>>> print(open('target_36.cif').read())   # mmCIF, N, CA, C and O atoms
data_target
loop_
_atom_site.label_atom_id
_atom_site.label_comp_id
_atom_site.auth_asym_id
_atom_site.auth_seq_id
_atom_site.Cartn_x
_atom_site.Cartn_y
_atom_site.Cartn_z
N ALA A 1199 59.81 -109.32 3.89
CA ALA A 1199 58.54 -110.03 3.73
C ALA A 1199 57.53 -109.11 3.06
O ALA A 1199 57.59 -107.90 3.22
N ALA A 1200 56.64 -109.72 2.32
CA ALA A 1200 55.63 -108.94 1.62
C ALA A 1200 54.65 -108.33 2.62
O ALA A 1200 54.39 -108.89 3.67
N GLU A 1201 54.17 -107.16 2.26
CA GLU A 1201 53.15 -106.49 3.08
C GLU A 1201 51.89 -107.36 3.05
O GLU A 1201 51.48 -107.82 1.98
N PRO A 1202 51.26 -107.62 4.20
CA PRO A 1202 50.05 -108.46 4.19
C PRO A 1202 48.93 -107.82 3.36
O PRO A 1202 48.79 -106.60 3.34
N ASP A 1203 48.17 -108.66 2.67
CA ASP A 1203 46.99 -108.20 1.95
C ASP A 1203 45.79 -108.34 2.87
O ASP A 1203 45.82 -109.09 3.84
N ASP A 1204 44.72 -107.64 2.52
CA ASP A 1204 43.48 -107.74 3.29
C ASP A 1204 42.68 -108.91 2.76
O ASP A 1204 41.88 -108.77 1.83
N LEU A 1205 42.93 -110.09 3.32
CA LEU A 1205 42.25 -111.30 2.84
C LEU A 1205 40.74 -111.24 3.06
O LEU A 1205 39.99 -111.97 2.42
N SER A 1206 40.29 -110.33 3.94
CA SER A 1206 38.84 -110.22 4.19
C SER A 1206 38.09 -109.67 2.98
O SER A 1206 36.86 -109.69 2.95
N THR A 1207 38.83 -109.21 1.97
CA THR A 1207 38.17 -108.71 0.75
C THR A 1207 37.81 -109.85 -0.21
O THR A 1207 37.16 -109.62 -1.22
N LEU A 1208 38.22 -111.07 0.10
CA LEU A 1208 37.87 -112.22 -0.75
C LEU A 1208 36.38 -112.52 -0.59
O LEU A 1208 35.82 -112.28 0.48
N PRO A 1209 35.75 -113.06 -1.63
CA PRO A 1209 34.31 -113.31 -1.56
C PRO A 1209 33.95 -114.37 -0.52
O PRO A 1209 34.60 -115.41 -0.45
N ASN A 1210 32.94 -114.10 0.27
CA ASN A 1210 32.38 -115.06 1.23
C ASN A 1210 33.41 -115.62 2.21
O ASN A 1210 33.35 -116.78 2.57
N ILE A 1211 34.37 -114.79 2.64
CA ILE A 1211 35.35 -115.27 3.61
C ILE A 1211 34.99 -114.70 4.98
O ILE A 1211 34.65 -113.52 5.10
N ALA A 1212 35.03 -115.55 5.98
CA ALA A 1212 34.71 -115.13 7.35
C ALA A 1212 36.00 -114.71 8.07
O ALA A 1212 37.08 -115.14 7.72
N ASN A 1213 35.82 -113.87 9.08
CA ASN A 1213 36.98 -113.41 9.85
C ASN A 1213 37.76 -114.57 10.45
O ASN A 1213 38.99 -114.53 10.51
N LYS A 1214 37.05 -115.63 10.89
CA LYS A 1214 37.74 -116.79 11.47
C LYS A 1214 38.61 -117.47 10.42
O LYS A 1214 39.68 -117.99 10.73
N SER A 1215 38.13 -117.49 9.17
CA SER A 1215 38.93 -118.09 8.09
C SER A 1215 40.16 -117.25 7.82
O SER A 1215 41.26 -117.79 7.63
N VAL A 1216 39.99 -115.93 7.80
CA VAL A 1216 41.14 -115.04 7.59
C VAL A 1216 42.17 -115.27 8.69
O VAL A 1216 43.37 -115.40 8.41
N GLN A 1217 41.71 -115.36 9.95
CA GLN A 1217 42.62 -115.58 11.07
C GLN A 1217 43.34 -116.92 10.95
O GLN A 1217 44.55 -117.00 11.18
N ALA A 1218 42.61 -117.97 10.56
CA ALA A 1218 43.23 -119.29 10.41
C ALA A 1218 44.30 -119.26 9.32
O ALA A 1218 45.39 -119.83 9.49
N LEU A 1219 44.01 -118.59 8.22
CA LEU A 1219 44.99 -118.48 7.14
C LEU A 1219 46.20 -117.69 7.60
O LEU A 1219 47.35 -118.10 7.36
N ASN A 1220 45.97 -116.57 8.26
CA ASN A 1220 47.08 -115.75 8.77
C ASN A 1220 47.94 -116.55 9.73
O ASN A 1220 49.17 -116.50 9.67
N ASP A 1221 47.29 -117.28 10.63
CA ASP A 1221 48.02 -118.09 11.61
C ASP A 1221 48.88 -119.15 10.93
O ASP A 1221 49.93 -119.55 11.46
N ALA A 1222 48.45 -119.61 9.76
CA ALA A 1222 49.19 -120.62 9.00
C ALA A 1222 50.23 -119.99 8.08
O ALA A 1222 50.88 -120.69 7.30
N GLY A 1223 50.38 -118.66 8.16
CA GLY A 1223 51.38 -117.98 7.34
C GLY A 1223 50.87 -117.51 5.98
O GLY A 1223 51.66 -117.06 5.16
N ILE A 1224 49.58 -117.63 5.75
CA ILE A 1224 48.98 -117.16 4.50
C ILE A 1224 48.51 -115.73 4.75
O ILE A 1224 47.45 -115.53 5.35
N THR A 1225 49.30 -114.76 4.33
CA THR A 1225 48.97 -113.37 4.63
C THR A 1225 48.81 -112.50 3.38
O THR A 1225 48.42 -111.35 3.48
N THR A 1226 49.10 -113.08 2.22
CA THR A 1226 48.95 -112.31 0.97
C THR A 1226 48.16 -113.15 -0.04
O THR A 1226 48.03 -114.37 0.10
N PHE A 1227 47.64 -112.46 -1.05
CA PHE A 1227 46.93 -113.16 -2.12
C PHE A 1227 47.88 -114.13 -2.82
O PHE A 1227 47.49 -115.23 -3.20
N ARG A 1228 49.14 -113.74 -2.97
CA ARG A 1228 50.15 -114.60 -3.60
C ARG A 1228 50.35 -115.87 -2.76
O ARG A 1228 50.44 -116.97 -3.29
N ASP A 1229 50.41 -115.71 -1.41
CA ASP A 1229 50.54 -116.88 -0.53
C ASP A 1229 49.39 -117.85 -0.76
O ASP A 1229 49.58 -119.07 -0.80
N LEU A 1230 48.19 -117.29 -0.88
CA LEU A 1230 46.99 -118.10 -1.08
C LEU A 1230 47.11 -118.91 -2.38
O LEU A 1230 46.87 -120.11 -2.40
N LEU A 1231 47.53 -118.24 -3.44
CA LEU A 1231 47.68 -118.90 -4.74
C LEU A 1231 48.77 -119.96 -4.68
O LEU A 1231 48.61 -121.06 -5.21
N ASP A 1232 49.90 -119.62 -4.05
CA ASP A 1232 51.01 -120.56 -3.97
C ASP A 1232 50.66 -121.80 -3.16
O ASP A 1232 51.13 -122.90 -3.46
N ALA A 1233 49.82 -121.63 -2.12
CA ALA A 1233 49.43 -122.76 -1.28
C ALA A 1233 48.54 -123.73 -2.05
O ALA A 1233 48.67 -124.94 -1.90
N GLY A 1234 47.64 -123.20 -2.85
CA GLY A 1234 46.72 -124.04 -3.61
C GLY A 1234 45.51 -124.45 -2.80
O GLY A 1234 45.53 -124.41 -1.56
N PRO A 1235 44.44 -124.84 -3.49
CA PRO A 1235 43.17 -125.16 -2.82
C PRO A 1235 43.27 -126.26 -1.78
O PRO A 1235 42.67 -126.16 -0.71
N ALA A 1236 44.00 -127.32 -2.05
CA ALA A 1236 44.05 -128.45 -1.11
C ALA A 1236 44.66 -128.02 0.23
O ALA A 1236 44.15 -128.37 1.30
N LYS A 1237 45.75 -127.25 0.17
CA LYS A 1237 46.39 -126.80 1.41
C LYS A 1237 45.48 -125.83 2.17
O LYS A 1237 45.38 -125.90 3.39
N ILE A 1238 44.82 -124.94 1.44
CA ILE A 1238 43.92 -123.98 2.08
C ILE A 1238 42.79 -124.73 2.79
O ILE A 1238 42.47 -124.44 3.94
N GLU A 1239 42.21 -125.72 2.11
CA GLU A 1239 41.14 -126.49 2.73
C GLU A 1239 41.64 -127.25 3.95
O GLU A 1239 40.94 -127.36 4.95
N ALA A 1240 42.88 -127.75 3.89
CA ALA A 1240 43.46 -128.47 5.04
C ALA A 1240 43.63 -127.52 6.23
O ALA A 1240 43.36 -127.89 7.37
N ILE A 1241 44.08 -126.29 5.96
CA ILE A 1241 44.24 -125.28 7.02
C ILE A 1241 42.89 -125.00 7.67
O ILE A 1241 42.78 -124.95 8.90
N LEU A 1242 41.87 -124.80 6.86
CA LEU A 1242 40.53 -124.51 7.38
C LEU A 1242 39.98 -125.68 8.18
O LEU A 1242 39.41 -125.49 9.25
N THR A 1243 40.19 -126.89 7.67
CA THR A 1243 39.70 -128.08 8.37
C THR A 1243 40.40 -128.22 9.72
O THR A 1243 39.75 -128.49 10.74
N LYS A 1244 41.71 -128.02 9.73
CA LYS A 1244 42.48 -128.11 10.98
C LYS A 1244 41.98 -127.10 12.00
O LYS A 1244 41.98 -127.36 13.20
N ALA A 1245 41.53 -125.94 11.52
CA ALA A 1245 41.02 -124.88 12.41
C ALA A 1245 39.54 -125.10 12.76
O ALA A 1245 38.94 -124.27 13.43
N GLY A 1246 38.97 -126.21 12.28
CA GLY A 1246 37.57 -126.49 12.56
C GLY A 1246 36.62 -125.65 11.74
O GLY A 1246 35.49 -125.40 12.12
N LEU A 1247 37.10 -125.19 10.57
CA LEU A 1247 36.32 -124.28 9.74
C LEU A 1247 36.03 -124.86 8.36
O LEU A 1247 36.03 -124.14 7.38
N ALA A 1248 35.82 -126.15 8.30
CA ALA A 1248 35.56 -126.77 7.00
C ALA A 1248 34.46 -125.99 6.27
O ALA A 1248 33.38 -125.79 6.81
N ALA A 1249 34.79 -125.52 5.11
CA ALA A 1249 33.85 -124.71 4.34
C ALA A 1249 32.62 -125.53 3.97
O ALA A 1249 32.73 -126.66 3.50
N LYS A 1250 31.45 -124.95 4.21
CA LYS A 1250 30.20 -125.65 3.89
C LYS A 1250 29.85 -125.49 2.42
O LYS A 1250 29.06 -126.24 1.88
N THR A 1251 30.43 -124.50 1.77
CA THR A 1251 30.21 -124.29 0.34
C THR A 1251 31.58 -124.24 -0.32
O THR A 1251 32.58 -123.96 0.34
N PRO A 1252 31.64 -124.53 -1.59
CA PRO A 1252 32.95 -124.54 -2.27
C PRO A 1252 33.47 -123.12 -2.52
O PRO A 1252 33.56 -122.67 -3.65
N VAL A 1253 33.82 -122.43 -1.44
CA VAL A 1253 34.27 -121.05 -1.58
C VAL A 1253 35.76 -120.93 -1.90
O VAL A 1253 36.20 -119.93 -2.45
N VAL A 1254 36.54 -121.97 -1.58
CA VAL A 1254 37.99 -121.87 -1.80
C VAL A 1254 38.32 -121.58 -3.27
O VAL A 1254 39.12 -120.70 -3.55
N PRO A 1255 37.68 -122.27 -4.24
CA PRO A 1255 37.98 -121.91 -5.64
C PRO A 1255 37.64 -120.45 -5.96
O PRO A 1255 38.36 -119.80 -6.73
N LYS A 1256 36.58 -119.93 -5.34
CA LYS A 1256 36.23 -118.52 -5.56
C LYS A 1256 37.31 -117.61 -5.01
O LYS A 1256 37.64 -116.58 -5.59
N TRP A 1257 37.86 -118.01 -3.84
CA TRP A 1257 38.95 -117.22 -3.25
C TRP A 1257 40.16 -117.23 -4.19
O TRP A 1257 40.82 -116.22 -4.36
N MET A 1258 40.43 -118.39 -4.79
CA MET A 1258 41.58 -118.51 -5.70
C MET A 1258 41.43 -117.59 -6.90
O MET A 1258 42.36 -116.90 -7.29
N VAL A 1259 40.22 -117.58 -7.48
CA VAL A 1259 39.96 -116.72 -8.64
C VAL A 1259 40.13 -115.25 -8.25
O VAL A 1259 40.79 -114.48 -8.94
N ALA A 1260 39.54 -114.87 -7.12
CA ALA A 1260 39.61 -113.48 -6.68
C ALA A 1260 41.06 -113.09 -6.36
O ALA A 1260 41.50 -111.99 -6.71
N ALA A 1261 41.79 -114.00 -5.71
CA ALA A 1261 43.19 -113.71 -5.37
C ALA A 1261 44.02 -113.55 -6.65
O ALA A 1261 44.85 -112.65 -6.73
N ALA A 1262 43.77 -114.40 -7.63
CA ALA A 1262 44.51 -114.33 -8.90
C ALA A 1262 44.25 -112.98 -9.58
O ALA A 1262 45.17 -112.36 -10.12
N GLU A 1263 42.99 -112.54 -9.54
CA GLU A 1263 42.65 -111.24 -10.14
C GLU A 1263 43.36 -110.11 -9.42
O GLU A 1263 43.87 -109.18 -10.05
N LYS A 1264 43.42 -110.18 -8.09
CA LYS A 1264 44.06 -109.12 -7.30
C LYS A 1264 45.58 -109.11 -7.55
O LYS A 1264 46.17 -108.05 -7.65
N VAL A 1265 46.19 -110.30 -7.67
CA VAL A 1265 47.62 -110.37 -7.94
C VAL A 1265 47.93 -109.81 -9.34
O VAL A 1265 48.89 -109.08 -9.53
N ALA A 1266 47.06 -110.13 -10.30
CA ALA A 1266 47.26 -109.65 -11.67
C ALA A 1266 47.18 -108.13 -11.75
O ALA A 1266 47.89 -107.51 -12.56
N LYS A 1267 46.35 -107.52 -10.90
CA LYS A 1267 46.19 -106.06 -10.92
C LYS A 1267 47.30 -105.36 -10.16
O LYS A 1267 47.51 -104.17 -10.34
N ALA A 1268 48.01 -106.08 -9.29
CA ALA A 1268 49.02 -105.47 -8.44
C ALA A 1268 50.24 -105.03 -9.24
O ALA A 1268 50.51 -105.55 -10.29
#
>>> encode(input="target_36.cif", output="structure tokens")
Amino acid sequence: AAEPDDLSTLPNIANKSVQALNDAGITTFRDLLDAGPAKIEAILTKAGLAAKTPVVPKWMVAAAEKVAKA
């Protein structure tokens, strides 16, 4: 399995969101990209963390940049 990435480095992400993603098996930037925005938003909603601002696209951009640099 891939070494987990520090998802807390994504812009405007809260620790509860990181935990919800980790609990759902999203532990790397690649996982985040592979899941796609709709699945990420569904995970957050299920965890009671519906984003109040459209931060998921920002997370996708940041994750893509981090994967490209890896």
>>> atom_distance(input="target_36.cif", atom1="atom CA of A:Gly1234", atom2="atom CA of A:Asn1213")
19.7 Å
>>> atom_distance(input="target_36.cif", atom1="atom O of A:Pro1252", atom2="atom C of A:Ala1268")
24.9 Å
>>> resolve_selection(input="target_36.cif", expression="the PyMOL selection byres ((chain A and resi 1205) around 8)", output="mmCIF file with N, CA, C and O atoms, in the coordinates of the input")
data_model
loop_
_atom_site.group_PDB
_atom_site.id
_atom_site.type_symbol
_atom_site.label_atom_id
_atom_site.label_comp_id
_atom_site.auth_asym_id
_atom_site.auth_seq_id
_atom_site.Cartn_x
_atom_site.Cartn_y
_atom_site.Cartn_z
ATOM 1 N N PRO A 1202 51.260 -107.620 4.200
ATOM 2 C CA PRO A 1202 50.050 -108.460 4.190
ATOM 3 C C PRO A 1202 48.930 -107.820 3.360
ATOM 4 O O PRO A 1202 48.790 -106.600 3.340
ATOM 5 N N ASP A 1203 48.170 -108.660 2.670
ATOM 6 C CA ASP A 1203 46.990 -108.200 1.950
ATOM 7 C C ASP A 1203 45.790 -108.340 2.870
ATOM 8 O O ASP A 1203 45.820 -109.090 3.840
ATOM 9 N N ASP A 1204 44.720 -107.640 2.520
ATOM 10 C CA ASP A 1204 43.480 -107.740 3.290
ATOM 11 C C ASP A 1204 42.680 -108.910 2.760
ATOM 12 O O ASP A 1204 41.880 -108.770 1.830
ATOM 13 N N SER A 1206 40.290 -110.330 3.940
ATOM 14 C CA SER A 1206 38.840 -110.220 4.190
ATOM 15 C C SER A 1206 38.090 -109.670 2.980
ATOM 16 O O SER A 1206 36.860 -109.690 2.950
ATOM 17 N N THR A 1207 38.830 -109.210 1.970
ATOM 18 C CA THR A 1207 38.170 -108.710 0.750
ATOM 19 C C THR A 1207 37.810 -109.850 -0.210
ATOM 20 O O THR A 1207 37.160 -109.620 -1.220
ATOM 21 N N LEU A 1208 38.220 -111.070 0.100
ATOM 22 C CA LEU A 1208 37.870 -112.220 -0.750
ATOM 23 C C LEU A 1208 36.380 -112.520 -0.590
ATOM 24 O O LEU A 1208 35.820 -112.280 0.480
ATOM 25 N N PRO A 1209 35.750 -113.060 -1.630
ATOM 26 C CA PRO A 1209 34.310 -113.310 -1.560
ATOM 27 C C PRO A 1209 33.950 -114.370 -0.520
ATOM 28 O O PRO A 1209 34.600 -115.410 -0.450
ATOM 29 N N ASN A 1210 32.940 -114.100 0.270
ATOM 30 C CA ASN A 1210 32.380 -115.060 1.230
ATOM 31 C C ASN A 1210 33.410 -115.620 2.210
ATOM 32 O O ASN A 1210 33.350 -116.780 2.570
ATOM 33 N N ILE A 1211 34.370 -114.790 2.640
ATOM 34 C CA ILE A 1211 35.350 -115.270 3.610
ATOM 35 C C ILE A 1211 34.990 -114.700 4.980
ATOM 36 O O ILE A 1211 34.650 -113.520 5.100
ATOM 37 N N ALA A 1212 35.030 -115.550 5.980
ATOM 38 C CA ALA A 1212 34.710 -115.130 7.350
ATOM 39 C C ALA A 1212 36.000 -114.710 8.070
ATOM 40 O O ALA A 1212 37.080 -115.140 7.720
ATOM 41 N N SER A 1215 38.130 -117.490 9.170
ATOM 42 C CA SER A 1215 38.930 -118.090 8.090
ATOM 43 C C SER A 1215 40.160 -117.250 7.820
ATOM 44 O O SER A 1215 41.260 -117.790 7.630
ATOM 45 N N VAL A 1216 39.990 -115.930 7.800
ATOM 46 C CA VAL A 1216 41.140 -115.040 7.590
ATOM 47 C C VAL A 1216 42.170 -115.270 8.690
ATOM 48 O O VAL A 1216 43.370 -115.400 8.410
ATOM 49 N N ILE A 1224 49.580 -117.630 5.750
ATOM 50 C CA ILE A 1224 48.980 -117.160 4.500
ATOM 51 C C ILE A 1224 48.510 -115.730 4.750
ATOM 52 O O ILE A 1224 47.450 -115.530 5.350
ATOM 53 N N THR A 1225 49.300 -114.760 4.330
ATOM 54 C CA THR A 1225 48.970 -113.370 4.630
ATOM 55 C C THR A 1225 48.810 -112.500 3.380
ATOM 56 O O THR A 1225 48.420 -111.350 3.480
ATOM 57 N N THR A 1226 49.100 -113.080 2.220
ATOM 58 C CA THR A 1226 48.950 -112.310 0.970
ATOM 59 C C THR A 1226 48.160 -113.150 -0.040
ATOM 60 O O THR A 1226 48.030 -114.370 0.100
ATOM 61 N N PHE A 1227 47.640 -112.460 -1.050
ATOM 62 C CA PHE A 1227 46.930 -113.160 -2.120
ATOM 63 C C PHE A 1227 47.880 -114.130 -2.820
ATOM 64 O O PHE A 1227 47.490 -115.230 -3.200
ATOM 65 N N TRP A 1257 37.860 -118.010 -3.840
ATOM 66 C CA TRP A 1257 38.950 -117.220 -3.250
ATOM 67 C C TRP A 1257 40.160 -117.230 -4.190
ATOM 68 O O TRP A 1257 40.820 -116.220 -4.360
#
>>> select_by_dssp(input="target_36.cif", residues="stretch 1203-1232 of chain A", states="helix (DSSP H, G or I)", output="list in words")
Leu1205, Ser1206, Thr1207, Asn1213, Lys1214, Ser1215, Val1216, Gln1217, Ala1218, Leu1219, Asn1220, Asp1221, Phe1227, Arg1228, Asp1229, Leu1230, Leu1231 and Asp1232 of chain A
>>> atom_distance(input="target_36.cif", atom1="atom N of A:Asp1232", atom2="atom N of A:Ala1261")
10.0 Å
>>> residues_around(input="target_36.cif", residues="stretch 1235-1251 of chain A", least_positions_apart="4", cutoff="6 Å", atoms="only N, CA, C and O atoms", output="JSON, numbers by chain")
{"A": [1218, 1230, 1231]}
>>> decode(input="target_36.cif", residues="stretch 1228-1240 of chain A", atoms="all heavy atoms", output="mmCIF file, in the first residue's frame")
data_model
loop_
_atom_site.group_PDB
_atom_site.id
_atom_site.type_symbol
_atom_site.label_atom_id
_atom_site.label_comp_id
_atom_site.auth_asym_id
_atom_site.auth_seq_id
_atom_site.Cartn_x
_atom_site.Cartn_y
_atom_site.Cartn_z
ATOM 1 N N ARG A 1228 -3.239 10.810 -4.429
ATOM 2 C CA ARG A 1228 -3.687 10.013 -5.584
ATOM 3 C C ARG A 1228 -5.086 9.441 -5.311
ATOM 4 O O ARG A 1228 -5.948 9.460 -6.182
ATOM 5 C CB ARG A 1228 -2.680 8.904 -5.866
ATOM 6 C CG ARG A 1228 -3.121 7.866 -6.876
ATOM 7 C CD ARG A 1228 -3.456 8.386 -8.252
ATOM 8 N NE ARG A 1228 -2.332 9.003 -8.904
ATOM 9 C CZ ARG A 1228 -2.438 9.832 -9.959
ATOM 10 N NH1 ARG A 1228 -3.618 10.124 -10.451
ATOM 11 N NH2 ARG A 1228 -1.378 10.354 -10.507
ATOM 12 N N ASP A 1229 -5.313 8.940 -4.070
ATOM 13 C CA ASP A 1229 -6.647 8.428 -3.708
ATOM 14 C C ASP A 1229 -7.701 9.518 -3.901
ATOM 15 O O ASP A 1229 -8.802 9.252 -4.404
ATOM 16 C CB ASP A 1229 -6.702 7.986 -2.233
ATOM 17 C CG ASP A 1229 -5.870 6.755 -1.929
ATOM 18 O OD1 ASP A 1229 -5.521 6.004 -2.863
ATOM 19 O OD2 ASP A 1229 -5.579 6.546 -0.737
ATOM 20 N N LEU A 1230 -7.359 10.722 -3.464
ATOM 21 C CA LEU A 1230 -8.280 11.849 -3.556
ATOM 22 C C LEU A 1230 -8.637 12.122 -5.018
ATOM 23 O O LEU A 1230 -9.808 12.259 -5.368
ATOM 24 C CB LEU A 1230 -7.642 13.091 -2.919
ATOM 25 C CG LEU A 1230 -8.549 14.299 -2.749
ATOM 26 C CD1 LEU A 1230 -9.438 14.113 -1.531
ATOM 27 C CD2 LEU A 1230 -7.736 15.565 -2.605
ATOM 28 N N LEU A 1231 -7.623 12.140 -5.875
ATOM 29 C CA LEU A 1231 -7.846 12.391 -7.296
ATOM 30 C C LEU A 1231 -8.659 11.266 -7.926
ATOM 31 O O LEU A 1231 -9.570 11.519 -8.711
ATOM 32 C CB LEU A 1231 -6.510 12.549 -8.028
ATOM 33 C CG LEU A 1231 -5.704 13.784 -7.657
ATOM 34 C CD1 LEU A 1231 -4.338 13.724 -8.317
ATOM 35 C CD2 LEU A 1231 -6.437 15.046 -8.051
ATOM 36 N N ASP A 1232 -8.322 10.022 -7.581
ATOM 37 C CA ASP A 1232 -9.020 8.879 -8.152
ATOM 38 C C ASP A 1232 -10.489 8.843 -7.740
ATOM 39 O O ASP A 1232 -11.347 8.420 -8.516
ATOM 40 C CB ASP A 1232 -8.337 7.568 -7.742
ATOM 41 C CG ASP A 1232 -6.976 7.364 -8.418
ATOM 42 O OD1 ASP A 1232 -6.675 8.092 -9.393
ATOM 43 O OD2 ASP A 1232 -6.224 6.493 -7.973
ATOM 44 N N ALA A 1233 -10.775 9.286 -6.507
ATOM 45 C CA ALA A 1233 -12.150 9.281 -6.015
ATOM 46 C C ALA A 1233 -13.009 10.303 -6.759
ATOM 47 O O ALA A 1233 -14.165 10.041 -7.066
ATOM 48 C CB ALA A 1233 -12.177 9.565 -4.517
ATOM 49 N N GLY A 1234 -12.436 11.461 -7.023
ATOM 50 C CA GLY A 1234 -13.174 12.517 -7.716
ATOM 51 C C GLY A 1234 -14.014 13.345 -6.761
ATOM 52 O O GLY A 1234 -14.326 12.908 -5.653
ATOM 53 N N PRO A 1235 -14.375 14.551 -7.196
ATOM 54 C CA PRO A 1235 -15.096 15.490 -6.329
ATOM 55 C C PRO A 1235 -16.421 14.959 -5.788
ATOM 56 O O PRO A 1235 -16.742 15.162 -4.618
ATOM 57 C CB PRO A 1235 -15.335 16.711 -7.217
ATOM 58 C CG PRO A 1235 -14.346 16.593 -8.324
ATOM 59 C CD PRO A 1235 -14.058 15.129 -8.496
ATOM 60 N N ALA A 1236 -17.201 14.285 -6.600
ATOM 61 C CA ALA A 1236 -18.524 13.830 -6.150
ATOM 62 C C ALA A 1236 -18.401 12.841 -4.997
ATOM 63 O O ALA A 1236 -19.129 12.932 -4.001
ATOM 64 C CB ALA A 1236 -19.295 13.205 -7.314
ATOM 65 N N LYS A 1237 -17.467 11.895 -5.115
ATOM 66 C CA LYS A 1237 -17.287 10.909 -4.044
ATOM 67 C C LYS A 1237 -16.757 11.578 -2.777
ATOM 68 O O LYS A 1237 -17.191 11.246 -1.671
ATOM 69 C CB LYS A 1237 -16.348 9.789 -4.493
ATOM 70 C CG LYS A 1237 -16.186 8.724 -3.425
ATOM 71 C CD LYS A 1237 -15.407 7.509 -3.915
ATOM 72 C CE LYS A 1237 -15.294 6.480 -2.808
ATOM 73 N NZ LYS A 1237 -14.469 5.335 -3.217
ATOM 74 N N ILE A 1238 -15.826 12.511 -2.937
ATOM 75 C CA ILE A 1238 -15.270 13.213 -1.771
ATOM 76 C C ILE A 1238 -16.388 13.969 -1.047
ATOM 77 O O ILE A 1238 -16.506 13.904 0.172
ATOM 78 C CB ILE A 1238 -14.142 14.187 -2.189
ATOM 79 C CG1 ILE A 1238 -12.981 13.423 -2.833
ATOM 80 C CG2 ILE A 1238 -13.674 15.019 -0.992
ATOM 81 C CD1 ILE A 1238 -12.364 12.332 -1.997
ATOM 82 N N GLU A 1239 -17.224 14.668 -1.819
ATOM 83 C CA GLU A 1239 -18.321 15.408 -1.200
ATOM 84 C C GLU A 1239 -19.300 14.459 -0.513
ATOM 85 O O GLU A 1239 -19.825 14.769 0.555
ATOM 86 C CB GLU A 1239 -19.011 16.293 -2.239
ATOM 87 C CG GLU A 1239 -18.113 17.459 -2.633
ATOM 88 C CD GLU A 1239 -18.738 18.392 -3.647
ATOM 89 O OE1 GLU A 1239 -19.972 18.386 -3.803
ATOM 90 O OE2 GLU A 1239 -17.977 19.138 -4.284
ATOM 91 N N ALA A 1240 -19.534 13.279 -1.097
ATOM 92 C CA ALA A 1240 -20.431 12.294 -0.487
ATOM 93 C C ALA A 1240 -19.855 11.797 0.845
ATOM 94 O O ALA A 1240 -20.587 11.637 1.826
ATOM 95 C CB ALA A 1240 -20.653 11.125 -1.442
#
